[in-house]
Amino acid sequence: MGVYEELVARGLIAQVTDEEEIRELVNSGKAVFYIGFDPTADSLHVGHFMALCLMKRLQMAGNKPIALIGGGTAMIGDPSGRTDMRQMMTKETINHNVECFKKQMGRFIDFSEDKALLVNNADWLLDLNYVELLREVGSQFSVNNMLRAECYKQRMEKGLSFLEFNYMIMQSYDFYALFQKYGCNMQFGGDDQWSNMLGGTELIRRKLGKDAYAMTINLLLNSEGKKMGKTQSGAVWLSAEKTSPYEFYQYWRNVDDSDVVKCLKMLTFLPLDEIEQLSKLEGSEINKAKEILAYELTNLIHGKEEADKAQEAARALFGNKKDTNNMPSTTLTQDDLTDGTISILDLMKKCSLIPSNGEGRRLIQQGGVSVDDEKVTDVYESISVDAFEKGYVIIKKGKKVYHKAILE
RNA sequence: GGGAGAAUUCCCGAGUGGCCAAAGGGGGCAGACUGUAAAUCUGUUGCAUCUUGCUUCGGUGGUUCGAAUCCACCUUCUCCCA
């Protein structure tokens, strides 16, 4: 089975321009492909992870990936799939984000010995001359066609600025530039990028008379059709500072039953037949598959050590064991106590478990808080030094959130 | 350039002088049931020294005993005509 077939089997491929050609190129390791990343935040998140996986898979098959960071296009903002205009970003923020992306990608993709490239489209986009660009590239685009593209259609209702309208042209120009510079003959991206990507292949065909290909991967949607990797507190990030390995592990440990197999296929490097076995699990047995999913992914992103820790912590907490070593924790000092006690509300605020006292009261009134396995019934309860005799107390919020408060 | 309309809490969306911290839905959180799942049911969802007080309905001023609601100006957006 070639890489291409594997990608199909894993349900990654959404649309392709020319299946035969792409299969041939990819399977024989002759593809030089690029994937674009918009540096809209200072860390990659789960949404980018699939793209990284894809890059790695193809790299392992001998193809050469180019990670294109959209330092230039970020100045414009992709209107695809958005109903509102993107917040404009300053050059400084963008540059900072570009640096962060570089670091994170380096851990995942092998950039040594020219096996992969990392480029920033700001390098060529920012120097473009408006009139020249219009003559050279603008003449090749039909506004009629562009407006027909799905990504703009939706925006036609709400309004689309000329700035955003140009995103497709910029992205097409990227492909054109990479084709000439590095012989990049293929572009991959999320399925929402399809029309932008076609713009690129079209431009290359018209300007150079050469063929280039595009392929989109399915977006990672849960069974409700929403993008995965979002929580109420924002995205699930790949950097340990923004989403701790434990939280990361828990996110995957808690996915819906119906999404487990899909996630295993699309995100992990487990062999397909192994996943096939896991997909046969039923009822509470599915938890095994979830555990594997969570472990595999944490391992990929944060390394074995962190994955082990997260798994141990989870098993300990949910399995009634005493091990509290790897639990998220907050360290308090004597100064946080007055007269040797601290109120439960203050304690929880210190641990960032609650944003306000009101929230804390509510939780307690509804019976959602316990300290060292004892349910807190009084809003005004205080915890004295004695409770910290062993050096810490365990606060449990709701069913799943555990936190260790350590007293120094 | 001319005309019409809109901006409400995390989101959608009601409210058009006092009964408004603001209906309803979504989402979130908690409880019950469970498998750290889903579905369902219940409670809850601005802040605080919480039977009371304080701050919020795009912004700034004004009218009024009292304004999310009325007036003026500003900002942003949408629609129609050019």
# chains A, B, ... in the order shown; residues from 1 in each chain; ligands from 1
$ select_by_dssp --residues "region 267-405 of chain A" --states "strand (DSSP E or B)" --output "PDB file with C-alpha atoms, in the first residue's frame"
ATOM      1  CA  SER A 329      -0.953  22.126  41.084  1.00  0.00           C
ATOM      2  CA  THR A 330      -0.563  25.539  42.605  1.00  0.00           C
ATOM      3  CA  THR A 331       1.918  26.402  45.301  1.00  0.00           C
ATOM      4  CA  LEU A 332       0.819  28.694  48.102  1.00  0.00           C
ATOM      5  CA  THR A 338      -4.485  34.658  57.466  1.00  0.00           C
ATOM      6  CA  THR A 341      -6.557  29.574  57.556  1.00  0.00           C
ATOM      7  CA  ILE A 342      -7.716  30.364  54.081  1.00  0.00           C
ATOM      8  CA  SER A 343     -11.299  30.491  52.914  1.00  0.00           C
ATOM      9  CA  VAL A 369     -16.565  21.034  45.284  1.00  0.00           C
ATOM     10  CA  SER A 370     -14.685  18.705  47.565  1.00  0.00           C
ATOM     11  CA  VAL A 371     -11.450  19.064  49.465  1.00  0.00           C
ATOM     12  CA  GLU A 374     -14.872  15.721  51.639  1.00  0.00           C
ATOM     13  CA  LYS A 375     -17.684  17.631  50.077  1.00  0.00           C
ATOM     14  CA  SER A 382     -12.067  27.759  55.633  1.00  0.00           C
ATOM     15  CA  ILE A 383      -9.160  25.443  55.343  1.00  0.00           C
ATOM     16  CA  SER A 384      -6.659  25.556  58.166  1.00  0.00           C
ATOM     17  CA  TYR A 392      -1.009  19.770  50.186  1.00  0.00           C
ATOM     18  CA  VAL A 393      -4.741  19.393  49.796  1.00  0.00           C
ATOM     19  CA  ILE A 394      -6.582  18.029  46.802  1.00  0.00           C
ATOM     20  CA  ILE A 395      -9.428  20.130  45.530  1.00  0.00           C
ATOM     21  CA  LYS A 396     -11.941  18.510  43.274  1.00  0.00           C
ATOM     22  CA  LYS A 397     -14.172  20.679  41.154  1.00  0.00           C
ATOM     23  CA  VAL A 401     -11.155  18.703  37.536  1.00  0.00           C
ATOM     24  CA  TYR A 402      -8.575  17.909  40.189  1.00  0.00           C
ATOM     25  CA  HIS A 403      -6.114  20.373  41.550  1.00  0.00           C
ATOM     26  CA  LYS A 404      -3.421  20.089  44.139  1.00  0.00           C
ATOM     27  CA  ALA A 405      -2.810  23.087  46.386  1.00  0.00           C
TER      28      ALA A 405
END
$ interface_residues --of "chain A" --to "chain B" --cutoff "6 Å" --atoms "only C-alpha atoms (C1' of nucleotides)" --output "PDB file with N, CA and C atoms, in the first residue's frame"
ATOM      1  N   ASP A 256     -15.980  12.159  22.111  1.00  0.00           N
ATOM      2  CA  ASP A 256     -17.178  11.334  21.969  1.00  0.00           C
ATOM      3  C   ASP A 256     -16.814   9.941  21.466  1.00  0.00           C
ATOM      4  N   ASP A 257     -17.622   8.959  21.878  1.00  0.00           N
ATOM      5  CA  ASP A 257     -17.431   7.596  21.396  1.00  0.00           C
ATOM      6  C   ASP A 257     -17.315   7.557  19.878  1.00  0.00           C
ATOM      7  N   SER A 284     -18.380   0.261  27.321  1.00  0.00           N
ATOM      8  CA  SER A 284     -17.357   0.894  28.130  1.00  0.00           C
ATOM      9  C   SER A 284     -15.951   0.511  27.680  1.00  0.00           C
ATOM     10  N   GLN A 366     -24.136  23.905  44.801  1.00  0.00           N
ATOM     11  CA  GLN A 366     -24.639  22.799  43.997  1.00  0.00           C
ATOM     12  C   GLN A 366     -23.900  21.504  44.283  1.00  0.00           C
ATOM     13  N   GLY A 368     -20.583  20.850  44.078  1.00  0.00           N
ATOM     14  CA  GLY A 368     -19.582  20.477  43.084  1.00  0.00           C
ATOM     15  C   GLY A 368     -18.144  20.604  43.543  1.00  0.00           C
TER      16      GLY A 368
END
$ atom_distance --atom1 "CA of Gln334 (chain A)" --atom2 "CA of Asp378 (chain A)"
23.4 Å
$ residues_around --residues "U16 (chain B)" --least-positions-apart "6" --cutoff "10 Å" --atoms "only C-alpha atoms (C1' of nucleotides)" --output "list in words"
A68, U69 and C70 of chain B
$ closest_residue --among "A:Lys350, A:Glu24, A:Glu381, A:Ala116" --to "Gln365 (chain A)" --atoms "only C-alpha atoms"
A:Glu381
$ select_by_dssp --residues "region 99-258 of chain A" --states "alpha helix (DSSP H)" --output "PyMOL selection string"
chain A and resi 99-106+122-125+130-136+143-148+150-158+162-165+167-182+194-208+245-253
$ write_last_selection --atoms "C-alpha atoms" --output "mmCIF file, in the first residue's frame"
data_model
loop_
_atom_site.group_PDB
_atom_site.id
_atom_site.type_symbol
_atom_site.label_atom_id
_atom_site.label_comp_id
_atom_site.auth_asym_id
_atom_site.auth_seq_id
_atom_site.Cartn_x
_atom_site.Cartn_y
_atom_site.Cartn_z
ATOM 1 C CA GLU A 99 9.117 32.552 15.183
ATOM 2 C CA CYS A 100 6.972 30.486 17.516
ATOM 3 C CA PHE A 101 5.653 28.394 14.641
ATOM 4 C CA LYS A 102 9.153 27.698 13.414
ATOM 5 C CA LYS A 103 10.202 26.315 16.757
ATOM 6 C CA GLN A 104 7.193 24.077 17.122
ATOM 7 C CA MET A 105 7.420 22.670 13.637
ATOM 8 C CA GLY A 106 11.071 21.880 13.988
ATOM 9 C CA ALA A 122 6.391 37.814 3.572
ATOM 10 C CA ASP A 123 9.755 37.424 1.832
ATOM 11 C CA TRP A 124 8.201 37.842 -1.563
ATOM 12 C CA LEU A 125 4.758 39.264 -0.968
ATOM 13 C CA TYR A 130 0.976 46.912 -7.128
ATOM 14 C CA VAL A 131 0.906 47.813 -10.793
ATOM 15 C CA GLU A 132 3.283 45.041 -11.755
ATOM 16 C CA LEU A 133 1.248 42.527 -9.846
ATOM 17 C CA LEU A 134 -1.921 43.670 -11.521
ATOM 18 C CA ARG A 135 -0.345 43.328 -14.951
ATOM 19 C CA GLU A 136 1.306 40.023 -14.251
ATOM 20 C CA VAL A 143 -13.619 38.151 -10.957
ATOM 21 C CA ASN A 144 -16.677 36.269 -12.137
ATOM 22 C CA ASN A 145 -15.004 33.012 -11.290
ATOM 23 C CA MET A 146 -13.693 34.218 -8.004
ATOM 24 C CA LEU A 147 -17.113 35.332 -6.889
ATOM 25 C CA ARG A 148 -18.468 31.936 -7.703
ATOM 26 C CA GLU A 150 -17.881 29.075 -2.151
ATOM 27 C CA CYS A 151 -15.698 30.938 0.265
ATOM 28 C CA TYR A 152 -16.715 34.289 -1.126
ATOM 29 C CA LYS A 153 -20.323 33.445 -1.770
ATOM 30 C CA GLN A 154 -21.197 33.412 1.889
ATOM 31 C CA ARG A 155 -19.453 36.664 2.419
ATOM 32 C CA MET A 156 -21.323 38.341 -0.391
ATOM 33 C CA GLU A 157 -24.286 38.540 1.944
ATOM 34 C CA LYS A 158 -22.455 40.128 4.811
ATOM 35 C CA PHE A 162 -11.399 44.338 -1.220
ATOM 36 C CA LEU A 163 -8.509 43.545 1.059
ATOM 37 C CA GLU A 164 -9.893 40.140 1.931
ATOM 38 C CA PHE A 165 -10.979 39.561 -1.605
ATOM 39 C CA TYR A 167 -6.442 36.744 -0.247
ATOM 40 C CA MET A 168 -7.024 34.222 -2.999
ATOM 41 C CA ILE A 169 -4.673 36.074 -5.302
ATOM 42 C CA MET A 170 -1.952 36.227 -2.702
ATOM 43 C CA GLN A 171 -2.247 32.536 -1.985
ATOM 44 C CA SER A 172 -2.207 31.719 -5.651
ATOM 45 C CA TYR A 173 0.861 33.842 -6.054
ATOM 46 C CA ASP A 174 2.544 31.884 -3.264
ATOM 47 C CA PHE A 175 2.106 28.656 -5.137
ATOM 48 C CA TYR A 176 3.334 30.282 -8.326
ATOM 49 C CA ALA A 177 6.396 31.639 -6.549
ATOM 50 C CA LEU A 178 7.198 28.341 -4.850
ATOM 51 C CA PHE A 179 6.771 26.476 -8.103
ATOM 52 C CA GLN A 180 9.387 28.622 -9.755
ATOM 53 C CA LYS A 181 11.741 28.846 -6.806
ATOM 54 C CA TYR A 182 11.689 25.336 -5.463
ATOM 55 C CA TRP A 194 -9.966 24.433 -2.007
ATOM 56 C CA SER A 195 -10.856 27.444 -4.084
ATOM 57 C CA ASN A 196 -7.785 29.364 -3.037
ATOM 58 C CA MET A 197 -5.650 26.416 -4.012
ATOM 59 C CA LEU A 198 -7.260 26.002 -7.375
ATOM 60 C CA GLY A 199 -6.419 29.631 -8.006
ATOM 61 C CA GLY A 200 -2.773 28.667 -7.668
ATOM 62 C CA THR A 201 -2.827 25.713 -10.023
ATOM 63 C CA GLU A 202 -4.700 27.795 -12.538
ATOM 64 C CA LEU A 203 -2.196 30.626 -12.310
ATOM 65 C CA ILE A 204 0.715 28.274 -12.879
ATOM 66 C CA ARG A 205 -0.988 26.730 -15.851
ATOM 67 C CA ARG A 206 -1.696 30.088 -17.426
ATOM 68 C CA LYS A 207 1.602 31.766 -16.725
ATOM 69 C CA LEU A 208 3.964 28.859 -17.177
ATOM 70 C CA PRO A 245 0.142 17.986 28.587
ATOM 71 C CA TYR A 246 -2.371 16.835 31.182
ATOM 72 C CA GLU A 247 -5.151 18.991 29.753
ATOM 73 C CA PHE A 248 -4.150 17.928 26.284
ATOM 74 C CA TYR A 249 -4.369 14.301 27.288
ATOM 75 C CA GLN A 250 -7.733 14.856 28.926
ATOM 76 C CA TYR A 251 -9.150 16.521 25.839
ATOM 77 C CA TRP A 252 -8.602 13.385 23.799
ATOM 78 C CA ARG A 253 -9.484 11.073 26.652
#
$ residues_around --residues "Gly360 (chain A)" --least-positions-apart "3" --cutoff "9 Å" --atoms "only C-alpha atoms (C1' of nucleotides)" --output "list in words"
Ile344, Leu345, Met348, Lys349, Leu353, Ile354, Pro355, Ser356, Asn357, Leu363, Ile364, Gln365, Val369 and Val379 of chain A
$ write_last_selection --atoms "N, CA and C atoms" --output "mmCIF file, in the first residue's frame"
data_model
loop_
_atom_site.group_PDB
_atom_site.id
_atom_site.type_symbol
_atom_site.label_atom_id
_atom_site.label_comp_id
_atom_site.auth_asym_id
_atom_site.auth_seq_id
_atom_site.Cartn_x
_atom_site.Cartn_y
_atom_site.Cartn_z
ATOM 1 N N ILE A 344 -12.291 28.802 51.546
ATOM 2 C CA ILE A 344 -12.355 27.915 50.401
ATOM 3 C C ILE A 344 -12.427 28.715 49.096
ATOM 4 N N LEU A 345 -13.146 29.823 49.138
ATOM 5 C CA LEU A 345 -13.281 30.633 47.925
ATOM 6 C C LEU A 345 -11.940 31.225 47.501
ATOM 7 N N MET A 348 -9.676 28.548 46.060
ATOM 8 C CA MET A 348 -9.987 28.162 44.686
ATOM 9 C C MET A 348 -9.611 29.250 43.694
ATOM 10 N N LYS A 349 -9.742 30.480 44.144
ATOM 11 C CA LYS A 349 -9.343 31.566 43.251
ATOM 12 C C LYS A 349 -7.829 31.538 43.010
ATOM 13 N N LEU A 353 -9.229 28.010 39.812
ATOM 14 C CA LEU A 353 -10.314 27.071 39.546
ATOM 15 C C LEU A 353 -11.622 27.815 39.310
ATOM 16 N N ILE A 354 -11.719 29.017 39.852
ATOM 17 C CA ILE A 354 -12.924 29.815 39.650
ATOM 18 C C ILE A 354 -12.527 31.245 39.297
ATOM 19 N N PRO A 355 -13.297 31.877 38.442
ATOM 20 C CA PRO A 355 -12.981 33.248 38.041
ATOM 21 C C PRO A 355 -13.520 34.277 39.021
ATOM 22 N N SER A 356 -14.529 33.928 39.806
ATOM 23 C CA SER A 356 -15.109 34.897 40.736
ATOM 24 C C SER A 356 -15.680 34.161 41.932
ATOM 25 N N ASN A 357 -15.911 34.898 42.995
ATOM 26 C CA ASN A 357 -16.494 34.284 44.182
ATOM 27 C C ASN A 357 -17.903 33.786 43.919
ATOM 28 N N LEU A 363 -20.921 26.821 42.767
ATOM 29 C CA LEU A 363 -20.383 25.467 42.720
ATOM 30 C C LEU A 363 -20.587 24.755 44.049
ATOM 31 N N ILE A 364 -20.289 25.463 45.111
ATOM 32 C CA ILE A 364 -20.397 24.841 46.425
ATOM 33 C C ILE A 364 -21.859 24.542 46.744
ATOM 34 N N GLN A 365 -22.710 25.516 46.472
ATOM 35 C CA GLN A 365 -24.129 25.313 46.750
ATOM 36 C C GLN A 365 -24.680 24.119 45.981
ATOM 37 N N VAL A 369 -17.940 20.849 44.824
ATOM 38 C CA VAL A 369 -16.565 21.034 45.284
ATOM 39 C C VAL A 369 -16.261 20.100 46.442
ATOM 40 N N VAL A 379 -20.317 27.661 52.153
ATOM 41 C CA VAL A 379 -19.637 28.631 51.304
ATOM 42 C C VAL A 379 -18.499 29.331 52.045
#
$ residues_around --residues "Ala9 (chain A)" --least-positions-apart "3" --cutoff "12 Å" --atoms "only C-alpha atoms (C1' of nucleotides)" --output "PyMOL selection string"
chain A and resi 1-6+12-14+262+264-266+271-273+275-276
$ write_last_selection --atoms "N, CA, C and O atoms" --output "compact mmCIF listing (two decimals), in the first residue's frame"
# COMPACT_ATOMS: atom_id res chain seq x y z
N MET A 1 0.85 -1.20 0.00
CA MET A 1 0.00 0.00 0.00
C MET A 1 0.88 1.25 0.00
O MET A 1 1.76 1.39 0.84
N GLY A 2 0.66 2.13 -0.94
CA GLY A 2 1.45 3.36 -0.99
C GLY A 2 0.92 4.38 -0.01
O GLY A 2 -0.12 4.16 0.61
N VAL A 3 1.66 5.48 0.11
CA VAL A 3 1.20 6.52 1.03
C VAL A 3 -0.17 7.03 0.65
O VAL A 3 -1.02 7.27 1.49
N TYR A 4 -0.35 7.20 -0.65
CA TYR A 4 -1.61 7.76 -1.11
C TYR A 4 -2.78 6.89 -0.66
O TYR A 4 -3.76 7.40 -0.12
N GLU A 5 -2.62 5.59 -0.84
CA GLU A 5 -3.69 4.68 -0.44
C GLU A 5 -3.92 4.75 1.06
O GLU A 5 -5.04 4.67 1.54
N GLU A 6 -2.82 4.91 1.78
CA GLU A 6 -2.95 5.00 3.23
C GLU A 6 -3.73 6.25 3.62
O GLU A 6 -4.60 6.21 4.49
N LEU A 12 -8.36 10.90 5.10
CA LEU A 12 -7.80 12.25 5.16
C LEU A 12 -8.11 13.07 3.91
O LEU A 12 -8.22 14.28 3.98
N ILE A 13 -8.19 12.39 2.79
CA ILE A 13 -8.29 13.14 1.54
C ILE A 13 -9.72 13.58 1.24
O ILE A 13 -10.65 12.79 1.28
N ALA A 14 -9.86 14.85 0.95
CA ALA A 14 -11.19 15.39 0.66
C ALA A 14 -11.36 15.58 -0.84
O ALA A 14 -12.24 15.00 -1.46
N LYS A 262 -12.21 7.84 14.19
CA LYS A 262 -11.83 8.86 13.21
C LYS A 262 -10.55 9.56 13.64
O LYS A 262 -9.64 9.77 12.85
N LEU A 264 -8.25 8.45 15.68
CA LEU A 264 -7.13 7.52 15.61
C LEU A 264 -6.60 7.45 14.19
O LEU A 264 -5.39 7.49 13.95
N LYS A 265 -7.51 7.35 13.26
CA LYS A 265 -7.10 7.23 11.86
C LYS A 265 -6.41 8.48 11.35
O LYS A 265 -5.38 8.43 10.70
N MET A 266 -7.02 9.60 11.64
CA MET A 266 -6.53 10.83 11.05
C MET A 266 -5.32 11.40 11.76
O MET A 266 -4.50 12.08 11.16
N PRO A 271 -0.74 1.71 13.05
CA PRO A 271 -1.07 0.99 11.82
C PRO A 271 -2.58 0.81 11.70
O PRO A 271 -3.27 0.65 12.71
N LEU A 272 -3.06 0.80 10.47
CA LEU A 272 -4.50 0.74 10.25
C LEU A 272 -5.15 -0.52 10.80
O LEU A 272 -6.26 -0.47 11.31
N ASP A 273 -4.44 -1.65 10.72
CA ASP A 273 -5.09 -2.87 11.21
C ASP A 273 -5.26 -2.83 12.72
O ASP A 273 -6.21 -3.40 13.28
N ILE A 275 -5.86 -0.09 14.39
CA ILE A 275 -7.02 0.77 14.61
C ILE A 275 -8.29 -0.01 14.33
O ILE A 275 -9.29 0.13 15.03
N GLU A 276 -8.20 -0.86 13.33
CA GLU A 276 -9.34 -1.70 12.97
C GLU A 276 -9.78 -2.53 14.17
O GLU A 276 -10.97 -2.64 14.49
$ residues_around --residues "C57 (chain B)" --least-positions-apart "3" --cutoff "12 Å" --atoms "only C-alpha atoms (C1' of nucleotides)" --output "list in words"
A7, U8, U9, G15, C20, A21, A22, A67, A68 and U69 of chain B
$ decode --residues "region 27-37 of chain A" --atoms "all heavy atoms" --output "PDB file, in the first residue's frame"
ATOM      1  N   ASN A  27       3.383   8.598  -4.294  1.00  0.00           N
ATOM      2  CA  ASN A  27       3.860   7.254  -3.997  1.00  0.00           C
ATOM      3  C   ASN A  27       5.309   7.043  -4.405  1.00  0.00           C
ATOM      4  O   ASN A  27       6.017   6.245  -3.814  1.00  0.00           O
ATOM      5  CB  ASN A  27       2.977   6.212  -4.666  1.00  0.00           C
ATOM      6  CG  ASN A  27       1.688   5.998  -3.893  1.00  0.00           C
ATOM      7  OD1 ASN A  27       1.568   6.469  -2.759  1.00  0.00           O
ATOM      8  ND2 ASN A  27       0.741   5.316  -4.492  1.00  0.00           N
ATOM      9  N   SER A  28       5.737   7.760  -5.420  1.00  0.00           N
ATOM     10  CA  SER A  28       7.125   7.578  -5.845  1.00  0.00           C
ATOM     11  C   SER A  28       8.045   8.584  -5.170  1.00  0.00           C
ATOM     12  O   SER A  28       9.226   8.659  -5.480  1.00  0.00           O
ATOM     13  CB  SER A  28       7.220   7.706  -7.366  1.00  0.00           C
ATOM     14  OG  SER A  28       6.728   8.964  -7.754  1.00  0.00           O
ATOM     15  N   GLY A  29       7.487   9.372  -4.259  1.00  0.00           N
ATOM     16  CA  GLY A  29       8.323  10.307  -3.508  1.00  0.00           C
ATOM     17  C   GLY A  29       8.838  11.471  -4.317  1.00  0.00           C
ATOM     18  O   GLY A  29       9.878  12.041  -4.005  1.00  0.00           O
ATOM     19  N   LYS A  30       8.144  11.815  -5.370  1.00  0.00           N
ATOM     20  CA  LYS A  30       8.645  12.899  -6.225  1.00  0.00           C
ATOM     21  C   LYS A  30       7.953  14.225  -5.977  1.00  0.00           C
ATOM     22  O   LYS A  30       8.250  15.209  -6.650  1.00  0.00           O
ATOM     23  CB  LYS A  30       8.441  12.509  -7.690  1.00  0.00           C
ATOM     24  CG  LYS A  30       9.433  11.472  -8.168  1.00  0.00           C
ATOM     25  CD  LYS A  30       9.294  11.272  -9.668  1.00  0.00           C
ATOM     26  CE  LYS A  30      10.032  10.018 -10.105  1.00  0.00           C
ATOM     27  NZ  LYS A  30       9.206   9.215 -11.032  1.00  0.00           N
ATOM     28  N   ALA A  31       7.038  14.218  -5.057  1.00  0.00           N
ATOM     29  CA  ALA A  31       6.295  15.456  -4.847  1.00  0.00           C
ATOM     30  C   ALA A  31       7.092  16.440  -4.001  1.00  0.00           C
ATOM     31  O   ALA A  31       7.774  16.066  -3.057  1.00  0.00           O
ATOM     32  CB  ALA A  31       4.968  15.153  -4.161  1.00  0.00           C
ATOM     33  N   VAL A  32       7.024  17.687  -4.418  1.00  0.00           N
ATOM     34  CA  VAL A  32       7.513  18.766  -3.579  1.00  0.00           C
ATOM     35  C   VAL A  32       6.261  19.560  -3.266  1.00  0.00           C
ATOM     36  O   VAL A  32       5.676  20.169  -4.156  1.00  0.00           O
ATOM     37  CB  VAL A  32       8.527  19.661  -4.316  1.00  0.00           C
ATOM     38  CG1 VAL A  32       8.985  20.789  -3.406  1.00  0.00           C
ATOM     39  CG2 VAL A  32       9.705  18.844  -4.795  1.00  0.00           C
ATOM     40  N   PHE A  33       5.822  19.466  -2.035  1.00  0.00           N
ATOM     41  CA  PHE A  33       4.518  20.055  -1.743  1.00  0.00           C
ATOM     42  C   PHE A  33       4.613  21.089  -0.632  1.00  0.00           C
ATOM     43  O   PHE A  33       5.540  21.076   0.166  1.00  0.00           O
ATOM     44  CB  PHE A  33       3.536  18.962  -1.320  1.00  0.00           C
ATOM     45  CG  PHE A  33       3.921  18.282  -0.044  1.00  0.00           C
ATOM     46  CD1 PHE A  33       3.376  18.671   1.161  1.00  0.00           C
ATOM     47  CD2 PHE A  33       4.843  17.239  -0.050  1.00  0.00           C
ATOM     48  CE1 PHE A  33       3.739  18.056   2.350  1.00  0.00           C
ATOM     49  CE2 PHE A  33       5.207  16.617   1.128  1.00  0.00           C
ATOM     50  CZ  PHE A  33       4.656  17.020   2.331  1.00  0.00           C
ATOM     51  N   TYR A  34       3.640  21.967  -0.645  1.00  0.00           N
ATOM     52  CA  TYR A  34       3.633  22.943   0.450  1.00  0.00           C
ATOM     53  C   TYR A  34       2.281  23.001   1.136  1.00  0.00           C
ATOM     54  O   TYR A  34       1.253  22.683   0.558  1.00  0.00           O
ATOM     55  CB  TYR A  34       4.089  24.307  -0.062  1.00  0.00           C
ATOM     56  CG  TYR A  34       3.015  25.303  -0.444  1.00  0.00           C
ATOM     57  CD1 TYR A  34       2.457  26.151   0.517  1.00  0.00           C
ATOM     58  CD2 TYR A  34       2.604  25.446  -1.767  1.00  0.00           C
ATOM     59  CE1 TYR A  34       1.508  27.100   0.175  1.00  0.00           C
ATOM     60  CE2 TYR A  34       1.654  26.389  -2.113  1.00  0.00           C
ATOM     61  CZ  TYR A  34       1.101  27.217  -1.145  1.00  0.00           C
ATOM     62  OH  TYR A  34       0.171  28.140  -1.471  1.00  0.00           O
ATOM     63  N   ILE A  35       2.349  23.353   2.395  1.00  0.00           N
ATOM     64  CA  ILE A  35       1.141  23.587   3.182  1.00  0.00           C
ATOM     65  C   ILE A  35       1.315  24.943   3.843  1.00  0.00           C
ATOM     66  O   ILE A  35       2.386  25.250   4.364  1.00  0.00           O
ATOM     67  CB  ILE A  35       0.950  22.514   4.273  1.00  0.00           C
ATOM     68  CG1 ILE A  35       0.817  21.132   3.635  1.00  0.00           C
ATOM     69  CG2 ILE A  35      -0.284  22.824   5.120  1.00  0.00           C
ATOM     70  CD1 ILE A  35       0.521  20.026   4.621  1.00  0.00           C
ATOM     71  N   GLY A  36       0.297  25.732   3.778  1.00  0.00           N
ATOM     72  CA  GLY A  36       0.387  27.068   4.364  1.00  0.00           C
ATOM     73  C   GLY A  36      -0.146  27.119   5.778  1.00  0.00           C
ATOM     74  O   GLY A  36      -1.087  26.414   6.120  1.00  0.00           O
ATOM     75  N   PHE A  37       0.494  27.920   6.590  1.00  0.00           N
ATOM     76  CA  PHE A  37       0.036  28.120   7.973  1.00  0.00           C
ATOM     77  C   PHE A  37      -0.091  29.612   8.232  1.00  0.00           C
ATOM     78  O   PHE A  37       0.863  30.354   8.017  1.00  0.00           O
ATOM     79  CB  PHE A  37       1.050  27.546   8.967  1.00  0.00           C
ATOM     80  CG  PHE A  37       1.216  26.054   8.854  1.00  0.00           C
ATOM     81  CD1 PHE A  37       2.145  25.512   7.974  1.00  0.00           C
ATOM     82  CD2 PHE A  37       0.452  25.205   9.635  1.00  0.00           C
ATOM     83  CE1 PHE A  37       2.298  24.139   7.864  1.00  0.00           C
ATOM     84  CE2 PHE A  37       0.598  23.833   9.537  1.00  0.00           C
ATOM     85  CZ  PHE A  37       1.529  23.300   8.645  1.00  0.00           C
TER      86      PHE A  37
END
